[in-house]
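Next comes structure.cif, a file with mmCIF, N, CA and C atoms.
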```
data_data
#
loop_
_atom_site.label_atom_id
_atom_site.label_comp_id
_atom_site.auth_asym_id
_atom_site.auth_seq_id
_atom_site.Cartn_x
_atom_site.Cartn_y
_atom_site.Cartn_z
N MET U 879 -11.28 34.89 -14.01
CA MET U 879 -11.86 33.57 -14.14
C MET U 879 -13.13 33.54 -13.29
N SER U 880 -14.23 33.14 -13.91
CA SER U 880 -15.49 33.05 -13.18
C SER U 880 -16.22 31.79 -13.61
N PHE U 881 -17.22 31.44 -12.83
CA PHE U 881 -17.98 30.22 -13.08
C PHE U 881 -19.46 30.49 -12.84
N THR U 882 -20.28 29.80 -13.61
CA THR U 882 -21.71 29.78 -13.35
C THR U 882 -22.06 28.34 -12.98
N PHE U 883 -23.28 28.14 -12.56
CA PHE U 883 -23.69 26.81 -12.10
C PHE U 883 -24.96 26.39 -12.82
N ARG U 884 -25.07 25.09 -13.05
CA ARG U 884 -26.33 24.52 -13.52
C ARG U 884 -26.50 23.15 -12.89
N CYS U 885 -27.77 22.77 -12.69
CA CYS U 885 -28.06 21.47 -12.10
C CYS U 885 -27.58 20.35 -13.01
N VAL U 886 -27.11 19.29 -12.40
CA VAL U 886 -26.73 18.10 -13.15
C VAL U 886 -28.00 17.44 -13.68
N ASP U 887 -27.95 17.05 -14.94
CA ASP U 887 -28.98 16.22 -15.56
C ASP U 887 -28.38 14.81 -15.56
N ALA U 888 -28.89 13.95 -14.70
CA ALA U 888 -28.28 12.64 -14.48
C ALA U 888 -28.08 11.85 -15.77
N VAL U 889 -29.02 11.92 -16.68
CA VAL U 889 -28.92 11.15 -17.92
C VAL U 889 -27.99 11.85 -18.91
N ALA U 890 -28.26 13.11 -19.20
CA ALA U 890 -27.48 13.83 -20.21
C ALA U 890 -26.02 14.02 -19.80
N ASP U 891 -25.77 14.23 -18.51
CA ASP U 891 -24.41 14.50 -18.04
C ASP U 891 -23.64 13.25 -17.65
N ALA U 892 -24.28 12.09 -17.65
CA ALA U 892 -23.62 10.86 -17.19
C ALA U 892 -22.33 10.54 -17.95
N PRO U 893 -22.29 10.63 -19.28
CA PRO U 893 -21.01 10.32 -19.94
C PRO U 893 -19.87 11.23 -19.49
N LEU U 894 -20.15 12.53 -19.34
CA LEU U 894 -19.13 13.46 -18.87
C LEU U 894 -18.71 13.11 -17.44
N LEU U 895 -19.68 12.96 -16.56
CA LEU U 895 -19.36 12.65 -15.17
C LEU U 895 -18.61 11.33 -15.06
N HIS U 896 -19.01 10.35 -15.85
CA HIS U 896 -18.32 9.07 -15.85
C HIS U 896 -16.85 9.25 -16.21
N SER U 897 -16.58 10.10 -17.20
CA SER U 897 -15.19 10.32 -17.61
C SER U 897 -14.38 10.99 -16.50
N TRP U 898 -15.02 11.69 -15.60
CA TRP U 898 -14.33 12.33 -14.48
C TRP U 898 -14.17 11.39 -13.29
N VAL U 899 -15.27 10.75 -12.88
CA VAL U 899 -15.24 9.96 -11.63
C VAL U 899 -14.48 8.65 -11.76
N THR U 900 -14.14 8.27 -12.97
CA THR U 900 -13.37 7.03 -13.17
C THR U 900 -11.88 7.31 -13.40
N GLN U 901 -11.46 8.55 -13.24
CA GLN U 901 -10.04 8.90 -13.34
C GLN U 901 -9.34 8.49 -12.04
N PRO U 902 -8.10 8.04 -12.11
CA PRO U 902 -7.38 7.65 -10.89
C PRO U 902 -7.37 8.74 -9.81
N TYR U 903 -7.24 10.00 -10.20
CA TYR U 903 -7.20 11.06 -9.19
C TYR U 903 -8.53 11.20 -8.45
N ALA U 904 -9.61 10.65 -9.02
CA ALA U 904 -10.93 10.74 -8.39
C ALA U 904 -11.25 9.49 -7.57
N SER U 905 -10.24 8.72 -7.21
CA SER U 905 -10.49 7.46 -6.51
C SER U 905 -11.30 7.65 -5.24
N PHE U 906 -11.12 8.78 -4.56
CA PHE U 906 -11.85 9.01 -3.31
C PHE U 906 -13.32 9.31 -3.54
N TRP U 907 -13.71 9.48 -4.79
CA TRP U 907 -15.11 9.68 -5.14
C TRP U 907 -15.86 8.35 -5.05
N GLY U 908 -15.10 7.23 -5.09
CA GLY U 908 -15.69 5.91 -4.90
C GLY U 908 -16.39 5.33 -6.11
N MET U 909 -16.07 5.82 -7.31
CA MET U 909 -16.78 5.35 -8.50
C MET U 909 -15.83 4.89 -9.61
N LEU U 910 -14.59 4.53 -9.25
CA LEU U 910 -13.60 4.17 -10.27
C LEU U 910 -14.08 3.08 -11.22
N SER U 911 -14.81 2.11 -10.72
CA SER U 911 -15.25 1.00 -11.56
C SER U 911 -16.70 1.15 -12.03
N SER U 912 -17.24 2.32 -11.85
CA SER U 912 -18.63 2.55 -12.24
C SER U 912 -18.79 2.54 -13.76
N THR U 913 -19.99 2.21 -14.19
CA THR U 913 -20.37 2.31 -15.60
C THR U 913 -21.13 3.63 -15.79
N VAL U 914 -21.36 3.99 -17.04
CA VAL U 914 -22.18 5.18 -17.31
C VAL U 914 -23.56 4.98 -16.69
N GLU U 915 -24.10 3.78 -16.81
CA GLU U 915 -25.41 3.50 -16.22
C GLU U 915 -25.38 3.66 -14.70
N GLY U 916 -24.28 3.26 -14.09
CA GLY U 916 -24.13 3.43 -12.65
C GLY U 916 -24.11 4.91 -12.25
N VAL U 917 -23.49 5.73 -13.08
CA VAL U 917 -23.47 7.17 -12.83
C VAL U 917 -24.88 7.74 -12.95
N VAL U 918 -25.61 7.32 -13.97
CA VAL U 918 -27.00 7.76 -14.11
C VAL U 918 -27.79 7.40 -12.85
N GLU U 919 -27.64 6.17 -12.40
CA GLU U 919 -28.38 5.71 -11.22
C GLU U 919 -28.01 6.53 -9.98
N GLU U 920 -26.72 6.74 -9.76
CA GLU U 920 -26.26 7.48 -8.58
C GLU U 920 -26.77 8.93 -8.59
N TYR U 921 -26.63 9.60 -9.72
CA TYR U 921 -27.03 11.01 -9.76
C TYR U 921 -28.53 11.18 -9.85
N SER U 922 -29.23 10.20 -10.36
CA SER U 922 -30.70 10.24 -10.30
C SER U 922 -31.15 10.16 -8.85
N LYS U 923 -30.51 9.30 -8.07
CA LYS U 923 -30.84 9.18 -6.64
C LYS U 923 -30.53 10.48 -5.91
N ILE U 924 -29.35 11.02 -6.15
CA ILE U 924 -28.95 12.27 -5.48
C ILE U 924 -29.94 13.38 -5.78
N GLN U 925 -30.29 13.54 -7.05
CA GLN U 925 -31.17 14.65 -7.43
C GLN U 925 -32.59 14.47 -6.90
N ALA U 926 -32.96 13.25 -6.56
CA ALA U 926 -34.32 12.98 -6.09
C ALA U 926 -34.48 13.08 -4.57
N THR U 927 -33.40 13.24 -3.83
CA THR U 927 -33.49 13.17 -2.37
C THR U 927 -34.22 14.35 -1.74
N GLY U 928 -34.08 15.53 -2.32
CA GLY U 928 -34.63 16.72 -1.69
C GLY U 928 -33.69 17.36 -0.69
N HIS U 929 -32.61 16.67 -0.30
CA HIS U 929 -31.65 17.24 0.64
C HIS U 929 -30.20 17.14 0.15
N HIS U 930 -30.03 16.65 -1.06
CA HIS U 930 -28.69 16.47 -1.64
C HIS U 930 -28.85 16.70 -3.14
N HIS U 931 -28.06 17.58 -3.70
CA HIS U 931 -28.14 17.74 -5.15
C HIS U 931 -26.78 18.13 -5.73
N ALA U 932 -26.66 17.89 -7.01
CA ALA U 932 -25.39 18.10 -7.71
C ALA U 932 -25.54 19.18 -8.77
N VAL U 933 -24.49 19.98 -8.89
CA VAL U 933 -24.43 21.02 -9.91
C VAL U 933 -23.09 20.96 -10.62
N LEU U 934 -23.09 21.41 -11.85
CA LEU U 934 -21.85 21.56 -12.60
C LEU U 934 -21.44 23.02 -12.57
N GLY U 935 -20.16 23.25 -12.38
CA GLY U 935 -19.59 24.59 -12.53
C GLY U 935 -19.16 24.75 -13.97
N ILE U 936 -19.60 25.82 -14.58
CA ILE U 936 -19.32 26.08 -15.99
C ILE U 936 -18.32 27.24 -16.07
N ASN U 937 -17.25 27.03 -16.86
CA ASN U 937 -16.21 28.05 -16.94
C ASN U 937 -16.57 29.16 -17.93
N ASP U 938 -15.66 30.12 -18.08
CA ASP U 938 -15.89 31.27 -18.96
C ASP U 938 -16.07 30.87 -20.42
N ASP U 939 -15.56 29.70 -20.80
CA ASP U 939 -15.71 29.20 -22.17
C ASP U 939 -17.00 28.41 -22.37
N GLY U 940 -17.83 28.33 -21.32
CA GLY U 940 -19.08 27.59 -21.41
C GLY U 940 -18.93 26.09 -21.23
N LEU U 941 -17.78 25.65 -20.73
CA LEU U 941 -17.51 24.22 -20.57
C LEU U 941 -17.60 23.80 -19.11
N PRO U 942 -18.11 22.59 -18.85
CA PRO U 942 -18.13 22.09 -17.48
C PRO U 942 -16.71 22.00 -16.93
N ALA U 943 -16.51 22.56 -15.73
CA ALA U 943 -15.19 22.64 -15.12
C ALA U 943 -15.09 21.85 -13.81
N PHE U 944 -16.23 21.66 -13.14
CA PHE U 944 -16.20 20.91 -11.89
C PHE U 944 -17.61 20.45 -11.52
N LEU U 945 -17.63 19.48 -10.65
CA LEU U 945 -18.86 18.93 -10.10
C LEU U 945 -18.89 19.29 -8.62
N MET U 946 -20.00 19.84 -8.18
CA MET U 946 -20.16 20.16 -6.77
C MET U 946 -21.48 19.57 -6.29
N GLU U 947 -21.41 18.89 -5.18
CA GLU U 947 -22.62 18.39 -4.53
C GLU U 947 -22.80 19.16 -3.24
N GLU U 948 -24.01 19.60 -3.00
CA GLU U 948 -24.34 20.22 -1.72
C GLU U 948 -25.44 19.41 -1.07
N TYR U 949 -25.38 19.32 0.25
CA TYR U 949 -26.32 18.46 0.96
C TYR U 949 -26.51 18.95 2.39
N LEU U 950 -27.58 18.49 2.99
CA LEU U 950 -27.84 18.82 4.39
C LEU U 950 -27.21 17.73 5.26
N PRO U 951 -26.20 18.07 6.03
CA PRO U 951 -25.53 17.06 6.85
C PRO U 951 -26.48 16.34 7.81
N ALA U 952 -27.52 17.01 8.29
CA ALA U 952 -28.45 16.37 9.22
C ALA U 952 -29.18 15.20 8.58
N ALA U 953 -29.26 15.19 7.24
CA ALA U 953 -29.95 14.11 6.52
C ALA U 953 -28.95 13.14 5.90
N SER U 954 -27.70 13.19 6.35
CA SER U 954 -26.66 12.35 5.77
C SER U 954 -26.01 11.47 6.83
N PRO U 955 -25.17 10.54 6.42
CA PRO U 955 -24.45 9.71 7.41
C PRO U 955 -23.57 10.52 8.36
N LEU U 956 -23.21 11.74 7.97
CA LEU U 956 -22.40 12.59 8.86
C LEU U 956 -23.09 12.87 10.18
N ALA U 957 -24.40 12.87 10.17
CA ALA U 957 -25.16 13.20 11.38
C ALA U 957 -24.81 12.24 12.53
N ALA U 958 -24.33 11.06 12.19
CA ALA U 958 -23.98 10.07 13.22
C ALA U 958 -22.57 10.27 13.77
N VAL U 959 -21.77 11.14 13.13
CA VAL U 959 -20.37 11.24 13.55
C VAL U 959 -19.93 12.63 13.99
N TYR U 960 -20.79 13.62 13.87
CA TYR U 960 -20.45 14.93 14.40
C TYR U 960 -21.73 15.65 14.79
N ALA U 961 -21.59 16.66 15.62
CA ALA U 961 -22.75 17.41 16.11
C ALA U 961 -23.18 18.43 15.06
N VAL U 962 -24.16 18.04 14.26
CA VAL U 962 -24.68 18.93 13.22
C VAL U 962 -25.27 20.17 13.89
N GLN U 963 -24.98 21.32 13.32
CA GLN U 963 -25.51 22.57 13.84
C GLN U 963 -26.46 23.20 12.82
N GLU U 964 -27.39 23.97 13.34
CA GLU U 964 -28.27 24.76 12.47
C GLU U 964 -27.37 25.62 11.59
N GLY U 965 -27.64 25.65 10.30
CA GLY U 965 -26.85 26.47 9.40
C GLY U 965 -25.72 25.72 8.71
N ASP U 966 -25.57 24.42 8.99
CA ASP U 966 -24.54 23.63 8.31
C ASP U 966 -25.01 23.25 6.92
N ILE U 967 -24.09 23.27 5.97
CA ILE U 967 -24.31 22.74 4.62
C ILE U 967 -23.08 21.88 4.30
N GLY U 968 -23.33 20.73 3.70
CA GLY U 968 -22.23 19.85 3.31
C GLY U 968 -21.89 20.07 1.85
N MET U 969 -20.64 19.78 1.50
CA MET U 969 -20.19 20.00 0.13
C MET U 969 -19.17 18.95 -0.26
N HIS U 970 -19.32 18.44 -1.49
CA HIS U 970 -18.32 17.60 -2.15
C HIS U 970 -17.91 18.33 -3.42
N LEU U 971 -16.65 18.23 -3.79
CA LEU U 971 -16.15 18.94 -4.96
C LEU U 971 -15.19 18.06 -5.74
N LEU U 972 -15.40 18.00 -7.05
CA LEU U 972 -14.51 17.29 -7.95
C LEU U 972 -14.21 18.19 -9.14
N VAL U 973 -12.97 18.60 -9.27
CA VAL U 973 -12.55 19.44 -10.38
C VAL U 973 -12.28 18.54 -11.58
N ALA U 974 -12.73 18.98 -12.75
CA ALA U 974 -12.55 18.21 -13.98
C ALA U 974 -11.07 17.98 -14.26
N PRO U 975 -10.76 16.89 -14.97
CA PRO U 975 -9.37 16.68 -15.37
C PRO U 975 -8.90 17.85 -16.22
N PRO U 976 -7.64 18.26 -16.06
CA PRO U 976 -7.15 19.40 -16.85
C PRO U 976 -7.13 19.07 -18.33
N SER U 977 -7.46 20.06 -19.15
CA SER U 977 -7.46 19.85 -20.60
C SER U 977 -6.22 20.45 -21.25
N GLY U 978 -5.38 21.07 -20.47
CA GLY U 978 -4.15 21.68 -20.99
C GLY U 978 -3.20 21.93 -19.84
N ASP U 979 -2.35 22.91 -20.01
CA ASP U 979 -1.40 23.26 -18.95
C ASP U 979 -2.15 23.78 -17.73
N PRO U 980 -1.65 23.44 -16.54
CA PRO U 980 -2.28 23.95 -15.32
C PRO U 980 -2.30 25.48 -15.30
N GLN U 981 -3.39 26.03 -14.77
CA GLN U 981 -3.52 27.48 -14.63
C GLN U 981 -3.33 27.84 -13.16
N PRO U 982 -2.31 28.63 -12.84
CA PRO U 982 -2.13 29.03 -11.45
C PRO U 982 -3.40 29.69 -10.90
N GLY U 983 -3.79 29.28 -9.71
CA GLY U 983 -4.96 29.86 -9.06
C GLY U 983 -6.28 29.28 -9.48
N TYR U 984 -6.27 28.31 -10.39
CA TYR U 984 -7.53 27.76 -10.91
C TYR U 984 -8.37 27.11 -9.81
N THR U 985 -7.75 26.21 -9.05
CA THR U 985 -8.51 25.50 -8.01
C THR U 985 -9.00 26.47 -6.94
N ALA U 986 -8.19 27.47 -6.62
CA ALA U 986 -8.63 28.48 -5.65
C ALA U 986 -9.84 29.25 -6.18
N ALA U 987 -9.84 29.55 -7.48
CA ALA U 987 -10.99 30.25 -8.08
C ALA U 987 -12.24 29.37 -8.04
N VAL U 988 -12.06 28.07 -8.29
CA VAL U 988 -13.19 27.13 -8.18
C VAL U 988 -13.73 27.15 -6.76
N MET U 989 -12.85 27.02 -5.78
CA MET U 989 -13.29 26.99 -4.39
C MET U 989 -13.97 28.30 -4.00
N ASP U 990 -13.44 29.42 -4.44
CA ASP U 990 -14.08 30.71 -4.16
C ASP U 990 -15.50 30.75 -4.72
N ALA U 991 -15.68 30.27 -5.95
CA ALA U 991 -17.00 30.28 -6.58
C ALA U 991 -17.97 29.37 -5.83
N VAL U 992 -17.48 28.20 -5.42
CA VAL U 992 -18.33 27.25 -4.69
C VAL U 992 -18.75 27.85 -3.35
N LEU U 993 -17.80 28.40 -2.61
CA LEU U 993 -18.13 28.97 -1.31
C LEU U 993 -19.06 30.17 -1.44
N GLU U 994 -18.83 30.98 -2.46
CA GLU U 994 -19.73 32.12 -2.68
C GLU U 994 -21.16 31.62 -2.93
N ARG U 995 -21.30 30.59 -3.74
CA ARG U 995 -22.62 30.04 -4.01
C ARG U 995 -23.27 29.51 -2.73
N LEU U 996 -22.52 28.77 -1.95
CA LEU U 996 -23.08 28.17 -0.74
C LEU U 996 -23.50 29.24 0.27
N PHE U 997 -22.67 30.27 0.43
CA PHE U 997 -22.96 31.31 1.41
C PHE U 997 -23.95 32.35 0.91
N GLU U 998 -24.39 32.26 -0.36
CA GLU U 998 -25.47 33.13 -0.83
C GLU U 998 -26.75 32.87 -0.06
N ASN U 999 -26.89 31.64 0.44
CA ASN U 999 -28.06 31.28 1.25
C ASN U 999 -27.84 31.86 2.65
N ALA U 1000 -28.66 32.78 3.04
CA ALA U 1000 -28.49 33.47 4.33
C ALA U 1000 -28.56 32.52 5.52
N ARG U 1001 -29.15 31.35 5.34
CA ARG U 1001 -29.26 30.39 6.45
C ARG U 1001 -27.97 29.60 6.66
N VAL U 1002 -27.07 29.63 5.70
CA VAL U 1002 -25.82 28.86 5.81
C VAL U 1002 -24.84 29.62 6.70
N GLU U 1003 -24.39 28.93 7.74
CA GLU U 1003 -23.42 29.50 8.68
C GLU U 1003 -22.03 28.89 8.50
N ARG U 1004 -21.99 27.62 8.10
CA ARG U 1004 -20.69 26.99 7.87
C ARG U 1004 -20.83 25.87 6.86
N VAL U 1005 -19.71 25.60 6.20
CA VAL U 1005 -19.65 24.54 5.19
C VAL U 1005 -18.87 23.38 5.79
N VAL U 1006 -19.46 22.20 5.69
CA VAL U 1006 -18.88 20.99 6.24
C VAL U 1006 -18.36 20.13 5.09
N VAL U 1007 -17.12 19.71 5.20
CA VAL U 1007 -16.53 18.79 4.22
C VAL U 1007 -15.92 17.62 4.97
N GLU U 1008 -15.81 16.49 4.29
CA GLU U 1008 -15.23 15.33 4.95
C GLU U 1008 -14.19 14.68 4.04
N PRO U 1009 -13.02 15.31 3.94
CA PRO U 1009 -11.99 14.73 3.07
C PRO U 1009 -11.56 13.37 3.58
N ASP U 1010 -11.21 12.50 2.67
CA ASP U 1010 -10.72 11.18 3.01
C ASP U 1010 -9.31 11.33 3.61
N ALA U 1011 -9.09 10.75 4.76
CA ALA U 1011 -7.80 10.87 5.46
C ALA U 1011 -6.65 10.32 4.61
N ARG U 1012 -6.96 9.44 3.67
CA ARG U 1012 -5.91 8.88 2.82
C ARG U 1012 -5.54 9.80 1.66
N ASN U 1013 -6.31 10.84 1.45
CA ASN U 1013 -6.07 11.75 0.33
C ASN U 1013 -5.00 12.77 0.73
N SER U 1014 -3.77 12.52 0.32
CA SER U 1014 -2.67 13.38 0.73
C SER U 1014 -2.70 14.76 0.09
N LYS U 1015 -3.44 14.92 -1.02
CA LYS U 1015 -3.54 16.24 -1.65
C LYS U 1015 -4.35 17.17 -0.76
#
```
What does this structure look like when you write it as structure tokens?
Amino acid sequence: MSFTFRCVDAVADAPLLHSWVTQPYASFWGMLSSTVEGVVEEYSKIQATGHHHAVLGINDDGLPAFLMEEYLPAASPLAAVYAVQEGDIGMHLLVAPPSGDPQPGYTAAVMDAVLERLFENARVERVVVEPDARNSK
């Protein structure tokens, strides 16, 4: 199982992303009541920042499998709550809703692909994530 990446197109990908971020399991994404237009607005803003951007992970069948956002923690609200270090990169990850039976090791393969992508940048020393404390998964 392998994945490739492509940048999110806020307009073209909004219907797909909307179908993911409004799922109950994605409640921690904070967009449950969002509209497609709201998704366009949010991802247009993200892609325009210069320090935060979103990519889709594409599976072996050529289908979008997950959404990953990478960002510079020093330019984010995290900078106020932890000591950002040189070489930090932030990451958010949302795996697409399953389209069939669960595949053992699927999420681990997604995480491996994401981490490999992030650490391809020689300046990255560590990946920072901020899971919601209420997310028991």
Q.
So that I can see what lies close to Tyr949 of chain U, please list as a list in words the residues with an atom at most 9 Å from it, counting only C-alpha atoms and leaving out residues fewer than 5 positions away in the same chain.
A.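 Close residues of Tyr949 of chain U: Gly928, His929, His930, His931, Ala932, Ser954, Ile967, Gly968, Met969 and His970 of chain U.
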Give me, as a CSV table (one decimal) with N, CA and C atoms, in the frame of the given file, all polymer residues having an atom no more than 12 Å from segment 982-997 of chain U, counting only C-alpha atoms and skipping those fewer than 5 positions away in the same chain.
```csv
chain,number,residue,atom,x,y,z
U,879,MET,N,-11.3,34.9,-14.0
U,879,MET,CA,-11.9,33.6,-14.1
U,879,MET,C,-13.1,33.5,-13.3
U,880,SER,N,-14.2,33.1,-13.9
U,880,SER,CA,-15.5,33.0,-13.2
U,880,SER,C,-16.2,31.8,-13.6
U,881,PHE,N,-17.2,31.4,-12.8
U,881,PHE,CA,-18.0,30.2,-13.1
U,881,PHE,C,-19.5,30.5,-12.8
U,882,THR,N,-20.3,29.8,-13.6
U,882,THR,CA,-21.7,29.8,-13.4
U,882,THR,C,-22.1,28.3,-13.0
U,883,PHE,N,-23.3,28.1,-12.6
U,883,PHE,CA,-23.7,26.8,-12.1
U,883,PHE,C,-25.0,26.4,-12.8
U,884,ARG,N,-25.1,25.1,-13.0
U,884,ARG,CA,-26.3,24.5,-13.5
U,884,ARG,C,-26.5,23.2,-12.9
U,932,ALA,N,-26.7,17.9,-7.0
U,932,ALA,CA,-25.4,18.1,-7.7
U,932,ALA,C,-25.5,19.2,-8.8
U,933,VAL,N,-24.5,20.0,-8.9
U,933,VAL,CA,-24.4,21.0,-9.9
U,933,VAL,C,-23.1,21.0,-10.6
U,934,LEU,N,-23.1,21.4,-11.8
U,934,LEU,CA,-21.8,21.6,-12.6
U,934,LEU,C,-21.4,23.0,-12.6
U,935,GLY,N,-20.2,23.2,-12.4
U,935,GLY,CA,-19.6,24.6,-12.5
U,935,GLY,C,-19.2,24.8,-14.0
U,936,ILE,N,-19.6,25.8,-14.6
U,936,ILE,CA,-19.3,26.1,-16.0
U,936,ILE,C,-18.3,27.2,-16.1
U,937,ASN,N,-17.2,27.0,-16.9
U,937,ASN,CA,-16.2,28.0,-16.9
U,937,ASN,C,-16.6,29.2,-17.9
U,938,ASP,N,-15.7,30.1,-18.1
U,938,ASP,CA,-15.9,31.3,-19.0
U,938,ASP,C,-16.1,30.9,-20.4
U,942,PRO,N,-18.1,22.6,-18.8
U,942,PRO,CA,-18.1,22.1,-17.5
U,942,PRO,C,-16.7,22.0,-16.9
U,943,ALA,N,-16.5,22.6,-15.7
U,943,ALA,CA,-15.2,22.6,-15.1
U,943,ALA,C,-15.1,21.8,-13.8
U,944,PHE,N,-16.2,21.7,-13.1
U,944,PHE,CA,-16.2,20.9,-11.9
U,944,PHE,C,-17.6,20.4,-11.5
U,945,LEU,N,-17.6,19.5,-10.6
U,945,LEU,CA,-18.9,18.9,-10.1
U,945,LEU,C,-18.9,19.3,-8.6
U,946,MET,N,-20.0,19.8,-8.2
U,946,MET,CA,-20.2,20.2,-6.8
U,946,MET,C,-21.5,19.6,-6.3
U,947,GLU,N,-21.4,18.9,-5.2
U,947,GLU,CA,-22.6,18.4,-4.5
U,947,GLU,C,-22.8,19.2,-3.2
U,948,GLU,N,-24.0,19.6,-3.0
U,948,GLU,CA,-24.3,20.2,-1.7
U,948,GLU,C,-25.4,19.4,-1.1
U,949,TYR,N,-25.4,19.3,0.2
U,949,TYR,CA,-26.3,18.5,1.0
U,949,TYR,C,-26.5,19.0,2.4
U,950,LEU,N,-27.6,18.5,3.0
U,950,LEU,CA,-27.8,18.8,4.4
U,950,LEU,C,-27.2,17.7,5.3
U,965,GLY,N,-27.6,25.6,10.3
U,965,GLY,CA,-26.8,26.5,9.4
U,965,GLY,C,-25.7,25.7,8.7
U,966,ASP,N,-25.6,24.4,9.0
U,966,ASP,CA,-24.5,23.6,8.3
U,966,ASP,C,-25.0,23.2,6.9
U,967,ILE,N,-24.1,23.3,6.0
U,967,ILE,CA,-24.3,22.7,4.6
U,967,ILE,C,-23.1,21.9,4.3
U,968,GLY,N,-23.3,20.7,3.7
U,968,GLY,CA,-22.2,19.8,3.3
U,968,GLY,C,-21.9,20.1,1.8
U,969,MET,N,-20.6,19.8,1.5
U,969,MET,CA,-20.2,20.0,0.1
U,969,MET,C,-19.2,19.0,-0.3
U,970,HIS,N,-19.3,18.4,-1.5
U,970,HIS,CA,-18.3,17.6,-2.2
U,970,HIS,C,-17.9,18.3,-3.4
U,971,LEU,N,-16.6,18.2,-3.8
U,971,LEU,CA,-16.2,18.9,-5.0
U,971,LEU,C,-15.2,18.1,-5.7
U,972,LEU,N,-15.4,18.0,-7.0
U,972,LEU,CA,-14.5,17.3,-8.0
U,972,LEU,C,-14.2,18.2,-9.1
U,973,VAL,N,-13.0,18.6,-9.3
U,973,VAL,CA,-12.6,19.4,-10.4
U,973,VAL,C,-12.3,18.5,-11.6
U,974,ALA,N,-12.7,19.0,-12.8
U,974,ALA,CA,-12.6,18.2,-14.0
U,974,ALA,C,-11.1,18.0,-14.3
U,975,PRO,N,-10.8,16.9,-15.0
U,975,PRO,CA,-9.4,16.7,-15.4
U,975,PRO,C,-8.9,17.8,-16.2
U,976,PRO,N,-7.6,18.3,-16.1
U,976,PRO,CA,-7.2,19.4,-16.8
U,976,PRO,C,-7.1,19.1,-18.3
U,1002,VAL,N,-27.1,29.6,5.7
U,1002,VAL,CA,-25.8,28.9,5.8
U,1002,VAL,C,-24.8,29.6,6.7
U,1003,GLU,N,-24.4,28.9,7.7
U,1003,GLU,CA,-23.4,29.5,8.7
U,1003,GLU,C,-22.0,28.9,8.5
U,1004,ARG,N,-22.0,27.6,8.1
U,1004,ARG,CA,-20.7,27.0,7.9
U,1004,ARG,C,-20.8,25.9,6.9
U,1005,VAL,N,-19.7,25.6,6.2
U,1005,VAL,CA,-19.6,24.5,5.2
U,1005,VAL,C,-18.9,23.4,5.8
U,1006,VAL,N,-19.5,22.2,5.7
U,1006,VAL,CA,-18.9,21.0,6.2
U,1006,VAL,C,-18.4,20.1,5.1
U,1007,VAL,N,-17.1,19.7,5.2
U,1007,VAL,CA,-16.5,18.8,4.2
U,1007,VAL,C,-15.9,17.6,5.0
```
Q | Residue nearest Pro893 of chain U among U:Ala1011, U:Ala957, U:Ala952, U:Val918 (counting all atoms listed in the file) | A |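 When distances to Pro893 of chain U are compared using all atoms listed in the file, the smallest one comes from U:Val918.
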Q) Hey, can you check how far atom CA of Glu998 of chain U sits from atom CA of Val962 of chain U? A)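 Those two atoms sit 20.0 Å apart.
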Q. So how many Å separate atom C of Val959 of chain U and atom N of Glu1008 of chain U, to one decimal?
A.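 Computed distance, atom C of Val959 of chain U to atom N of Glu1008 of chain U, equals 11.2 Å.
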Once the PyMOL selection byres ((chain U and resi 917) around 7) has been applied to the shown file, what residues remain in the selection, as an mmCIF file with N, CA and C atoms, in the frame of the given file?
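Just written: selection-v4.cif:
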```cif
data_model
loop_
_atom_site.group_PDB
_atom_site.id
_atom_site.type_symbol
_atom_site.label_atom_id
_atom_site.label_comp_id
_atom_site.auth_asym_id
_atom_site.auth_seq_id
_atom_site.Cartn_x
_atom_site.Cartn_y
_atom_site.Cartn_z
ATOM 1 N N ALA U 888 -28.890 13.950 -14.700
ATOM 2 C CA ALA U 888 -28.280 12.640 -14.480
ATOM 3 C C ALA U 888 -28.080 11.850 -15.770
ATOM 4 N N VAL U 889 -29.020 11.920 -16.680
ATOM 5 C CA VAL U 889 -28.920 11.150 -17.920
ATOM 6 C C VAL U 889 -27.990 11.850 -18.910
ATOM 7 N N ALA U 892 -24.280 12.090 -17.650
ATOM 8 C CA ALA U 892 -23.620 10.860 -17.190
ATOM 9 C C ALA U 892 -22.330 10.540 -17.950
ATOM 10 N N LEU U 895 -19.680 12.960 -16.560
ATOM 11 C CA LEU U 895 -19.360 12.650 -15.170
ATOM 12 C C LEU U 895 -18.610 11.330 -15.060
ATOM 13 N N HIS U 896 -19.010 10.350 -15.850
ATOM 14 C CA HIS U 896 -18.320 9.070 -15.850
ATOM 15 C C HIS U 896 -16.850 9.250 -16.210
ATOM 16 N N SER U 912 -17.240 2.320 -11.850
ATOM 17 C CA SER U 912 -18.630 2.550 -12.240
ATOM 18 C C SER U 912 -18.790 2.540 -13.760
ATOM 19 N N THR U 913 -19.990 2.210 -14.190
ATOM 20 C CA THR U 913 -20.370 2.310 -15.600
ATOM 21 C C THR U 913 -21.130 3.630 -15.790
ATOM 22 N N VAL U 914 -21.360 3.990 -17.040
ATOM 23 C CA VAL U 914 -22.180 5.180 -17.310
ATOM 24 C C VAL U 914 -23.560 4.980 -16.690
ATOM 25 N N GLU U 915 -24.100 3.780 -16.810
ATOM 26 C CA GLU U 915 -25.410 3.500 -16.220
ATOM 27 C C GLU U 915 -25.380 3.660 -14.700
ATOM 28 N N GLY U 916 -24.280 3.260 -14.090
ATOM 29 C CA GLY U 916 -24.130 3.430 -12.650
ATOM 30 C C GLY U 916 -24.110 4.910 -12.250
ATOM 31 N N VAL U 918 -25.610 7.320 -13.970
ATOM 32 C CA VAL U 918 -27.000 7.760 -14.110
ATOM 33 C C VAL U 918 -27.790 7.400 -12.850
ATOM 34 N N GLU U 919 -27.640 6.170 -12.400
ATOM 35 C CA GLU U 919 -28.380 5.710 -11.220
ATOM 36 C C GLU U 919 -28.010 6.530 -9.980
ATOM 37 N N GLU U 920 -26.720 6.740 -9.760
ATOM 38 C CA GLU U 920 -26.260 7.480 -8.580
ATOM 39 C C GLU U 920 -26.770 8.930 -8.590
ATOM 40 N N TYR U 921 -26.630 9.600 -9.720
ATOM 41 C CA TYR U 921 -27.030 11.010 -9.760
ATOM 42 C C TYR U 921 -28.530 11.180 -9.850
ATOM 43 N N SER U 922 -29.230 10.200 -10.360
ATOM 44 C CA SER U 922 -30.700 10.240 -10.300
ATOM 45 C C SER U 922 -31.150 10.160 -8.850
#
```
